[in-house]
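Q: What follows is query_33.txt, made up of compact mmCIF, C-alpha atoms:
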# COMPACT_ATOMS: atom_id res chain seq x y z
CA MET E 1 7.26 -51.23 5.39
CA PRO E 2 4.96 -53.71 7.15
CA GLU E 3 3.70 -50.82 9.25
CA ALA E 4 2.79 -48.84 6.17
CA LEU E 5 1.01 -51.87 4.78
CA ALA E 6 -0.97 -52.30 7.96
CA THR E 7 -2.03 -48.67 7.77
CA THR E 8 -3.26 -49.12 4.23
CA GLN E 9 -5.25 -52.15 5.24
CA GLU E 10 -6.77 -50.28 8.17
CA HIS E 11 -7.86 -47.60 5.78
CA ALA E 12 -9.62 -50.19 3.64
CA GLY E 13 -12.38 -50.52 6.24
CA ALA E 14 -12.20 -46.92 7.47
CA HIS E 15 -14.78 -44.14 7.48
CA SER E 16 -15.25 -42.50 4.07
CA ALA E 17 -14.36 -39.08 5.52
CA LEU E 18 -10.92 -40.27 6.68
CA GLN E 19 -8.12 -38.61 4.70
CA HIS E 20 -5.25 -40.85 3.66
CA HIS E 21 -2.62 -38.94 5.66
CA PHE E 22 -4.31 -39.67 9.00
CA GLU E 23 -4.15 -42.92 10.95
CA ASN E 24 -7.74 -42.79 12.17
CA MET E 25 -10.73 -40.52 12.72
CA GLU E 26 -9.58 -39.60 16.22
CA GLN E 27 -6.23 -38.29 14.97
CA GLN E 28 -7.89 -36.46 12.09
CA ARG E 29 -10.38 -34.73 14.41
CA GLU E 30 -7.69 -33.67 16.87
CA ALA E 31 -5.50 -32.29 14.08
CA GLY E 32 -8.46 -30.29 12.77
CA THR E 33 -9.24 -28.90 16.22
CA LEU E 34 -5.60 -27.92 16.75
CA GLY E 35 -5.52 -26.19 13.36
CA MET E 36 -8.65 -24.22 14.22
CA TRP E 37 -7.14 -23.10 17.51
CA VAL E 38 -3.98 -21.89 15.76
CA PHE E 39 -6.24 -19.82 13.50
CA LEU E 40 -8.16 -18.50 16.53
CA VAL E 41 -4.85 -17.41 18.10
CA THR E 42 -4.18 -15.26 15.03
CA GLU E 43 -7.70 -13.85 15.55
CA ILE E 44 -6.82 -13.05 19.18
CA MET E 45 -3.84 -11.03 17.91
CA PHE E 46 -6.02 -9.34 15.25
CA PHE E 47 -8.68 -8.18 17.72
CA GLY E 48 -5.94 -7.64 20.32
CA GLY E 49 -4.51 -4.77 18.27
CA MET E 50 -7.85 -2.99 18.37
CA PHE E 51 -8.31 -3.67 22.09
CA LEU E 52 -4.86 -2.16 22.61
CA ALA E 53 -5.76 0.98 20.63
CA TYR E 54 -8.93 1.25 22.70
CA THR E 55 -6.95 0.94 25.96
CA ILE E 56 -4.47 3.67 25.03
CA TYR E 57 -7.08 6.17 23.86
CA ARG E 58 -9.36 5.51 26.82
CA TYR E 59 -6.37 6.21 29.10
CA LYS E 60 -5.60 9.41 27.16
CA TYR E 61 -9.18 10.81 26.93
CA PRO E 62 -11.12 9.33 29.89
CA GLY E 63 -13.79 12.04 30.03
CA ALA E 64 -14.62 12.10 26.32
CA PHE E 65 -14.63 8.29 26.13
CA ALA E 66 -16.96 7.95 29.12
CA ALA E 67 -19.32 10.55 27.63
CA ALA E 68 -19.32 8.93 24.18
CA SER E 69 -19.67 5.46 25.74
CA ASN E 70 -22.68 6.55 27.81
CA HIS E 71 -24.38 7.72 24.63
CA LEU E 72 -24.60 4.09 23.45
CA SER E 73 -27.78 2.22 24.33
CA LEU E 74 -27.15 -0.01 27.34
CA TRP E 75 -30.42 -1.85 26.61
CA LEU E 76 -29.62 -2.73 23.01
CA GLY E 77 -26.06 -3.72 23.92
CA GLY E 78 -27.27 -5.79 26.88
CA ILE E 79 -30.00 -7.58 24.90
CA ASN E 80 -27.43 -8.36 22.19
CA THR E 81 -25.10 -9.85 24.79
CA VAL E 82 -27.87 -12.17 25.99
CA VAL E 83 -28.80 -13.05 22.38
CA LEU E 84 -25.18 -13.98 21.60
CA ILE E 85 -24.69 -16.03 24.78
CA PHE E 86 -27.93 -17.87 23.97
CA SER E 87 -26.63 -18.56 20.44
CA SER E 88 -23.42 -20.00 21.92
CA PHE E 89 -25.56 -22.31 24.05
CA THR E 90 -27.60 -23.52 21.05
CA MET E 91 -24.33 -23.99 19.11
CA ALA E 92 -22.94 -26.16 21.93
CA MET E 93 -26.20 -28.14 21.87
CA ALA E 94 -25.86 -28.61 18.10
CA VAL E 95 -22.41 -30.15 18.63
CA TYR E 96 -23.78 -32.41 21.38
CA SER E 97 -26.75 -33.52 19.25
CA THR E 98 -24.39 -34.45 16.41
CA GLN E 99 -22.07 -36.34 18.77
CA VAL E 100 -24.95 -38.53 19.99
CA GLY E 101 -26.38 -38.92 16.48
CA LYS E 102 -29.60 -36.91 16.86
CA ARG E 103 -29.70 -35.35 13.42
CA ARG E 104 -33.07 -33.61 13.77
CA ASN E 105 -32.11 -31.89 17.05
CA SER E 106 -28.78 -30.92 15.56
CA ILE E 107 -30.43 -29.19 12.58
CA ILE E 108 -32.93 -27.39 14.87
CA CYS E 109 -30.07 -26.14 17.08
CA LEU E 110 -28.04 -24.98 14.06
CA LEU E 111 -31.06 -23.09 12.66
CA LEU E 112 -31.71 -21.50 16.07
CA THR E 113 -28.07 -20.43 16.29
CA MET E 114 -28.30 -18.74 12.89
CA VAL E 115 -31.60 -17.01 13.76
CA LEU E 116 -30.02 -15.67 16.97
CA GLY E 117 -26.94 -14.55 15.04
CA LEU E 118 -29.14 -12.68 12.56
CA THR E 119 -31.11 -11.16 15.48
CA PHE E 120 -27.83 -9.84 16.87
CA LEU E 121 -26.96 -8.30 13.49
CA GLY E 122 -30.44 -6.75 13.22
CA ILE E 123 -30.15 -5.08 16.63
CA LYS E 124 -26.64 -3.92 15.69
CA ALA E 125 -28.10 -2.35 12.53
CA VAL E 126 -30.65 -0.46 14.66
CA GLU E 127 -27.80 0.88 16.80
CA TYR E 128 -25.84 1.97 13.72
CA ARG E 129 -28.97 3.72 12.39
CA ASP E 130 -29.26 5.66 15.67
CA LYS E 131 -25.63 6.75 15.31
CA TYR E 132 -26.41 7.92 11.77
CA ARG E 133 -29.41 9.91 13.04
CA ASP E 134 -27.25 11.62 15.70
CA HIS E 135 -24.41 12.46 13.24
CA LEU E 136 -22.07 10.17 15.15
CA ILE E 137 -20.55 8.26 12.21
CA PRO E 138 -16.89 9.35 12.47
CA GLY E 139 -14.92 11.26 9.85
CA GLN E 140 -16.36 11.19 6.35
CA LEU E 141 -17.41 7.53 6.37
CA ILE E 142 -20.82 8.70 5.13
CA PRO E 143 -20.11 11.19 2.34
CA GLY E 144 -21.76 14.54 3.03
CA ARG E 145 -22.61 13.59 6.61
CA PRO E 146 -19.46 14.20 8.68
CA PHE E 147 -19.13 13.58 12.41
CA ASP E 148 -20.99 16.52 13.89
CA PRO E 149 -22.89 15.72 17.10
CA GLU E 150 -25.06 18.21 18.89
CA VAL E 151 -23.27 18.93 22.14
CA ALA E 152 -25.56 19.43 25.12
CA LYS E 153 -25.31 22.59 27.21
CA SER E 154 -25.17 22.01 30.97
CA GLY E 155 -28.56 20.90 32.31
CA ASP E 156 -29.73 19.97 28.81
CA ALA E 157 -31.15 16.44 29.04
CA ASP E 158 -31.82 15.54 25.38
CA GLU E 159 -30.64 11.93 25.06
CA HIS E 160 -29.68 12.35 21.40
CA LYS E 161 -27.10 14.99 22.28
CA LEU E 162 -23.56 14.33 23.41
CA HIS E 163 -22.97 15.33 27.03
CA LEU E 164 -19.27 16.26 27.16
CA PRO E 165 -17.59 16.88 30.55
CA PRO E 166 -15.27 19.89 30.98
CA GLY E 167 -11.96 19.41 29.18
CA ALA E 168 -13.29 16.84 26.69
CA THR E 169 -13.50 17.83 23.04
CA VAL E 170 -15.70 16.66 20.19
CA LYS E 171 -12.53 15.39 18.44
CA ASN E 172 -11.74 13.13 21.43
CA ALA E 173 -15.28 11.73 21.37
CA GLU E 174 -14.91 11.12 17.61
CA MET E 175 -11.92 8.89 18.42
CA PHE E 176 -14.20 6.75 20.56
CA TYR E 177 -16.60 6.32 17.63
CA TRP E 178 -13.75 5.37 15.27
CA ILE E 179 -12.80 2.60 17.67
CA TYR E 180 -16.45 1.67 18.30
CA PHE E 181 -17.19 1.28 14.59
CA ALA E 182 -13.91 -0.51 13.84
CA MET E 183 -14.38 -3.05 16.62
CA THR E 184 -18.13 -3.68 16.36
CA GLY E 185 -17.83 -3.59 12.55
CA MET E 186 -15.10 -6.26 12.49
CA HIS E 187 -17.10 -8.24 15.03
CA ALA E 188 -20.24 -7.99 12.88
CA LEU E 189 -18.23 -9.11 9.82
CA HIS E 190 -17.14 -12.19 11.80
CA MET E 191 -20.80 -12.83 12.69
CA ILE E 192 -21.79 -12.64 9.01
CA ILE E 193 -19.02 -15.11 8.10
CA GLY E 194 -20.19 -17.31 10.99
CA VAL E 195 -23.79 -17.36 9.73
CA GLY E 196 -22.46 -18.26 6.25
CA LEU E 197 -20.39 -21.12 7.72
CA LEU E 198 -23.35 -22.44 9.68
CA THR E 199 -25.51 -22.33 6.55
CA ILE E 200 -23.11 -24.74 4.86
CA ILE E 201 -22.92 -26.92 7.99
CA THR E 202 -26.72 -27.04 8.24
CA ILE E 203 -27.06 -28.12 4.59
CA LEU E 204 -24.46 -30.87 5.13
CA ALA E 205 -26.24 -31.96 8.33
CA TRP E 206 -29.52 -32.02 6.38
CA ARG E 207 -27.92 -34.36 3.85
CA GLY E 208 -26.86 -36.68 6.68
CA ARG E 209 -23.14 -36.00 6.26
CA PHE E 210 -22.40 -36.02 10.01
CA SER E 211 -22.50 -38.84 12.54
CA PRO E 212 -21.06 -39.69 15.96
CA GLU E 213 -17.93 -40.91 14.07
CA TYR E 214 -17.56 -37.84 11.86
CA HIS E 215 -18.63 -34.40 13.09
CA ALA E 216 -15.39 -32.39 13.11
CA PRO E 217 -16.79 -29.65 10.80
CA VAL E 218 -19.68 -28.99 13.21
CA GLU E 219 -17.32 -28.82 16.16
CA ILE E 220 -14.79 -26.58 14.41
CA SER E 221 -17.48 -24.15 13.23
CA GLY E 222 -18.69 -24.15 16.82
CA LEU E 223 -15.21 -23.11 18.01
CA TYR E 224 -15.32 -20.17 15.61
CA TRP E 225 -18.83 -19.18 16.77
CA HIS E 226 -17.84 -19.30 20.45
CA PHE E 227 -14.72 -17.24 19.74
CA VAL E 228 -16.83 -14.47 18.18
CA ASP E 229 -19.05 -14.65 21.28
CA ILE E 230 -15.96 -14.19 23.51
CA VAL E 231 -14.93 -11.06 21.58
CA TRP E 232 -18.36 -9.59 22.33
CA ILE E 233 -18.09 -10.63 26.01
CA PHE E 234 -15.15 -8.17 26.18
CA LEU E 235 -16.61 -5.53 23.85
CA PHE E 236 -19.84 -5.14 25.85
CA PRO E 237 -18.32 -3.96 29.15
CA LEU E 238 -15.50 -1.99 27.48
CA LEU E 239 -17.65 -0.08 25.00
CA TYR E 240 -21.00 0.17 26.81
CA LEU E 241 -20.38 0.01 30.55
CA LEU E 242 -17.08 1.56 31.60
CA GLY E 243 -18.32 5.13 31.92
CA ARG E 244 -21.74 4.48 33.48
CA HIS E 245 -20.70 5.29 37.05
CA LEU E 246 -19.68 8.78 35.91
CA GLU E 247 -23.09 9.50 34.35
CA THR E 248 -24.45 11.29 37.41
CA HIS E 249 -21.46 13.66 37.50
CA MET E 250 -21.97 14.92 33.96
CA GLY E 251 -24.29 17.10 31.94
CA MET Q 1 -8.30 -41.81 23.98
CA SER Q 2 -11.85 -41.46 22.75
CA GLU Q 3 -13.83 -38.27 22.50
CA HIS Q 4 -15.33 -36.78 25.64
CA ILE Q 5 -18.98 -35.84 25.32
CA VAL Q 6 -20.16 -32.88 27.40
CA TYR Q 7 -23.77 -33.35 28.48
CA PRO Q 8 -26.54 -30.74 28.16
CA ARG Q 9 -26.86 -30.17 31.90
CA VAL Q 10 -23.26 -28.84 31.92
CA TYR Q 11 -24.10 -26.52 29.01
CA ILE Q 12 -27.23 -25.30 30.82
CA VAL Q 13 -25.28 -24.52 34.01
CA ILE Q 14 -22.63 -22.62 32.01
CA PHE Q 15 -25.33 -20.76 30.06
CA LEU Q 16 -27.02 -19.65 33.30
CA ALA Q 17 -23.64 -18.63 34.77
CA LEU Q 18 -22.95 -16.49 31.67
CA LEU Q 19 -26.37 -14.80 31.98
CA LEU Q 20 -25.68 -14.13 35.66
CA GLY Q 21 -22.28 -12.63 34.76
CA THR Q 22 -23.89 -10.37 32.16
CA GLY Q 23 -26.50 -9.12 34.65
CA LEU Q 24 -23.83 -8.63 37.31
CA THR Q 25 -21.47 -6.64 35.08
CA ALA Q 26 -24.31 -4.32 33.94
CA TRP Q 27 -25.45 -3.83 37.57
CA VAL Q 28 -22.05 -3.06 39.10
CA ALA Q 29 -21.22 -0.65 36.24
CA TYR Q 30 -23.29 1.99 38.09
CA PHE Q 31 -21.36 1.62 41.36
CA ASN Q 32 -18.78 4.30 41.95
CA PHE Q 33 -15.74 2.27 42.96
CA PRO Q 34 -12.53 4.12 43.90
CA GLY Q 35 -9.82 4.69 41.27
CA PRO Q 36 -9.64 2.26 38.37
CA LEU Q 37 -11.63 -0.45 40.20
CA ASN Q 38 -14.65 -0.15 37.87
CA ALA Q 39 -12.48 -1.30 34.96
CA VAL Q 40 -10.86 -4.03 37.08
CA VAL Q 41 -14.26 -5.42 38.16
CA ALA Q 42 -15.68 -5.30 34.60
CA LEU Q 43 -12.62 -7.04 33.14
CA THR Q 44 -12.54 -9.67 35.89
CA ILE Q 45 -16.15 -10.64 35.15
CA ALA Q 46 -15.41 -10.68 31.39
CA VAL Q 47 -12.35 -12.92 31.88
CA ILE Q 48 -14.37 -15.35 34.04
CA LYS Q 49 -17.14 -15.48 31.40
CA ALA Q 50 -14.62 -16.02 28.59
CA THR Q 51 -12.88 -18.76 30.58
CA LEU Q 52 -16.18 -20.60 31.07
CA VAL Q 53 -16.88 -20.44 27.33
CA VAL Q 54 -13.37 -21.70 26.48
CA LEU Q 55 -13.33 -24.53 29.03
CA TYR Q 56 -16.85 -25.89 28.54
CA PHE Q 57 -18.48 -24.64 25.31
CA MET Q 58 -15.17 -25.01 23.45
CA HIS Q 59 -14.30 -28.26 25.29
CA VAL Q 60 -10.73 -27.19 26.18
CA ARG Q 61 -11.10 -28.78 29.63
CA TYR Q 62 -11.59 -32.14 27.92
CA SER Q 63 -9.14 -31.62 25.03
CA PRO Q 64 -5.44 -32.56 24.75
CA ARG Q 65 -3.04 -30.35 26.72
CA LEU Q 66 -1.56 -29.21 23.40
CA ILE Q 67 -4.67 -27.06 22.79
CA ALA Q 68 -4.23 -25.33 26.15
CA LEU Q 69 -0.58 -24.71 25.28
CA VAL Q 70 -1.53 -23.08 21.94
CA ILE Q 71 -4.02 -20.79 23.70
CA ALA Q 72 -1.54 -19.92 26.44
CA SER Q 73 1.13 -19.04 23.90
CA GLY Q 74 -1.35 -16.80 22.05
CA LEU Q 75 -2.25 -14.99 25.26
CA PHE Q 76 1.45 -14.66 26.12
CA TRP Q 77 2.14 -12.90 22.81
CA LEU Q 78 -0.89 -10.69 23.38
CA ALA Q 79 0.56 -9.78 26.79
CA ILE Q 80 3.89 -8.85 25.16
CA MET Q 81 2.10 -6.56 22.70
CA PHE Q 82 0.16 -4.84 25.49
CA ALA Q 83 3.10 -4.59 27.91
CA LEU Q 84 5.58 -3.09 25.45
CA THR Q 85 3.13 -0.66 23.85
CA ILE Q 86 1.66 0.55 27.13
CA SER Q 87 5.10 0.95 28.72
CA ASP Q 88 5.97 3.22 25.77
CA TYR Q 89 2.81 5.37 25.88
CA SER Q 90 2.69 5.67 29.66
CA THR Q 91 6.31 6.79 30.01
CA ARG Q 92 6.36 9.44 27.27
CA GLY Q 93 7.16 12.79 28.82
CA TRP Q 94 9.15 11.34 31.71
CA LEU Q 95 12.36 12.80 30.30
CA PRO Q 96 12.75 16.48 29.41
CA VAL Q 97 12.73 17.11 25.66
CA ASN Q 98 15.62 19.23 24.45
Please express the file's structure as structure tokens.
A:
Amino acid sequence: MPEALATTQEHAGAHSALQHHFENMEQQREAGTLGMWVFLVTEIMFFGGMFLAYTIYRYKYPGAFAAASNHLSLWLGGINTVVLIFSSFTMAMAVYSTQVGKRRNSIICLLLTMVLGLTFLGIKAVEYRDKYRDHLIPGQLIPGRPFDPEVAKSGDADEHKLHLPPGATVKNAEMFYWIYFAMTGMHALHMIIGVGLLTIITILAWRGRFSPEYHAPVEISGLYWHFVDIVWIFLFPLLYLLGRHLETHMG
Amino acid sequence: MSEHIVYPRVYIVIFLALLLGTGLTAWVAYFNFPGPLNAVVALTIAVIKATLVVLYFMHVRYSPRLIALVIASGLFWLAIMFALTISDYSTRGWLPVN
């Protein structure tokens, strides 16, 4: 009992953000971080299922997957990778600025992170539009515009056409685009949620809610943002790069 | 144990390393390595980049060991999912079908 009393008294002079079931701010922050990581592990399993599907189909249809992969824009994918890595850096700087109590810097870094996130989504939208133009949206996702790419004849160099190697079928290439849209689509959804989260964090930072003693929400949102960046770090080479060395042997 | 603050110069070094990794993976993608080595090289670079993000941007290097344990257990379960599924798909057709 005396212990419980002591705890109550400690709480009397504690930070206003301290919940009653935690001993102190340190314990509360560590519990929050642990909880976020448990959630991120479920996210690893979620994306892991799609990475597994990708692995199996790439193994089954190597030629069609390389051809479909090479049709993606290396430039747009590469620029987006740099944009996302830069946004992870600004996010890390936002956490640092909050930890040392520089509110203005923290808000600037959070705004920069969101602008970079939106830039990523904009470039992604341009890529999706190109796929629409080339009839590469799989199945009947767009009603009345089924997957129906123009397949290049040998020696035909039109970049909008699909250059299939011998033995690869249009159906196999369509499988690549199912996986491409599922994975980049789920990733983009996570980006949109991330931008929403950071909007709330920025408003709270604006109101002076965070300090060197209490900044767990900034840090935890940062963990989420970096996780989404890591997913893209794997998506970029797997979706955009893995067939490039075969380019010279095809079409 | 009080909170460890990672300073901007660490973040800048990691940021530059990630940019270097991105450039490197795009460059080597055009090399014609033997067998499955293109995939091995691409995945190795991606794993190194992801590890840098986890250790420094996500502060796991300076966090309690419990966090590392949670991540390791997640990756272990991911490995189980990959190992069992791939062992199924890659061995289909080994036995004659009656």
Q: I need the contact residues of chain E against chain Q, so if you could list those with any atom within 8 Å, counting all atoms listed in the file, and return them as a PyMOL selection string, that would help.
A: chain E and resi 26+34+37-38+41-42+44-45+48+52+56+78+81-82+85-86+88-89+92-93+96+99+222-223+226+230+233-234+237-238+241-246
Q: Figure out the distance between CA of Asp158 in chain E and CA of Ala125 in chain E, please, to one decimal in Å.
A: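 If I compute the distance from CA of Ala125 in chain E to CA of Asp158 in chain E, I get 22.3 Å.
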Q: Name the closest residue to His71 in chain E among the candidates E:Gly49, E:Gly208, E:Pro149, E:Gly139; distances are taken between atoms, counting all atoms listed in the file.
A: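 Closest to His71 in chain E, using all atoms listed in the file: E:Pro149.
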Q: Return as JSON the box centre and box size in Å, one decimal, for an axis-aligned box around all listed atoms of range 14-33 of chain Q padded by 8 Å per side.
A:
{"center_x": -21.4, "center_y": -9.2, "center_z": 36.5, "size_x": 27.3, "size_y": 42.9, "size_z": 28.9}
Q: For the point (-21.0, 14.6, 16.6) in file coordinates, what residues are within 9 Å, counting all atoms listed in the file? Give the answer as an mmCIF file with C-alpha atoms, in the coordinates of the input?
A:
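Everything below was put into out_10.cif:
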data_model
loop_
_atom_site.group_PDB
_atom_site.id
_atom_site.type_symbol
_atom_site.label_atom_id
_atom_site.label_comp_id
_atom_site.auth_asym_id
_atom_site.auth_seq_id
_atom_site.Cartn_x
_atom_site.Cartn_y
_atom_site.Cartn_z
ATOM 1 C CA ASP E 134 -27.250 11.620 15.700
ATOM 2 C CA HIS E 135 -24.410 12.460 13.240
ATOM 3 C CA LEU E 136 -22.070 10.170 15.150
ATOM 4 C CA ILE E 137 -20.550 8.260 12.210
ATOM 5 C CA PRO E 138 -16.890 9.350 12.470
ATOM 6 C CA PRO E 146 -19.460 14.200 8.680
ATOM 7 C CA PHE E 147 -19.130 13.580 12.410
ATOM 8 C CA ASP E 148 -20.990 16.520 13.890
ATOM 9 C CA PRO E 149 -22.890 15.720 17.100
ATOM 10 C CA GLU E 150 -25.060 18.210 18.890
ATOM 11 C CA VAL E 151 -23.270 18.930 22.140
ATOM 12 C CA LYS E 161 -27.100 14.990 22.280
ATOM 13 C CA LEU E 162 -23.560 14.330 23.410
ATOM 14 C CA VAL E 170 -15.700 16.660 20.190
ATOM 15 C CA LYS E 171 -12.530 15.390 18.440
ATOM 16 C CA ALA E 173 -15.280 11.730 21.370
ATOM 17 C CA GLU E 174 -14.910 11.120 17.610
#
Q: What gap, in Å, lies between CA of Thr113 in chain E and CA of Ser87 in chain E?
A: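 Those two atoms sit 4.8 Å apart.
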Q: How many Å separate CA of Leu164 in chain E from CA of Gly63 in chain E?
A: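 Taking CA of Leu164 in chain E as the start and CA of Gly63 in chain E as the end point, the length is 7.5 Å.
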Q: Between Q:Arg61, Q:Thr44, Q:Gly93, Q:Leu69, which has the minimum distance to Leu24 in chain Q (counting all atoms listed in the file)?
A: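 For Leu24 in chain Q, the nearest of the candidates is Q:Thr44.
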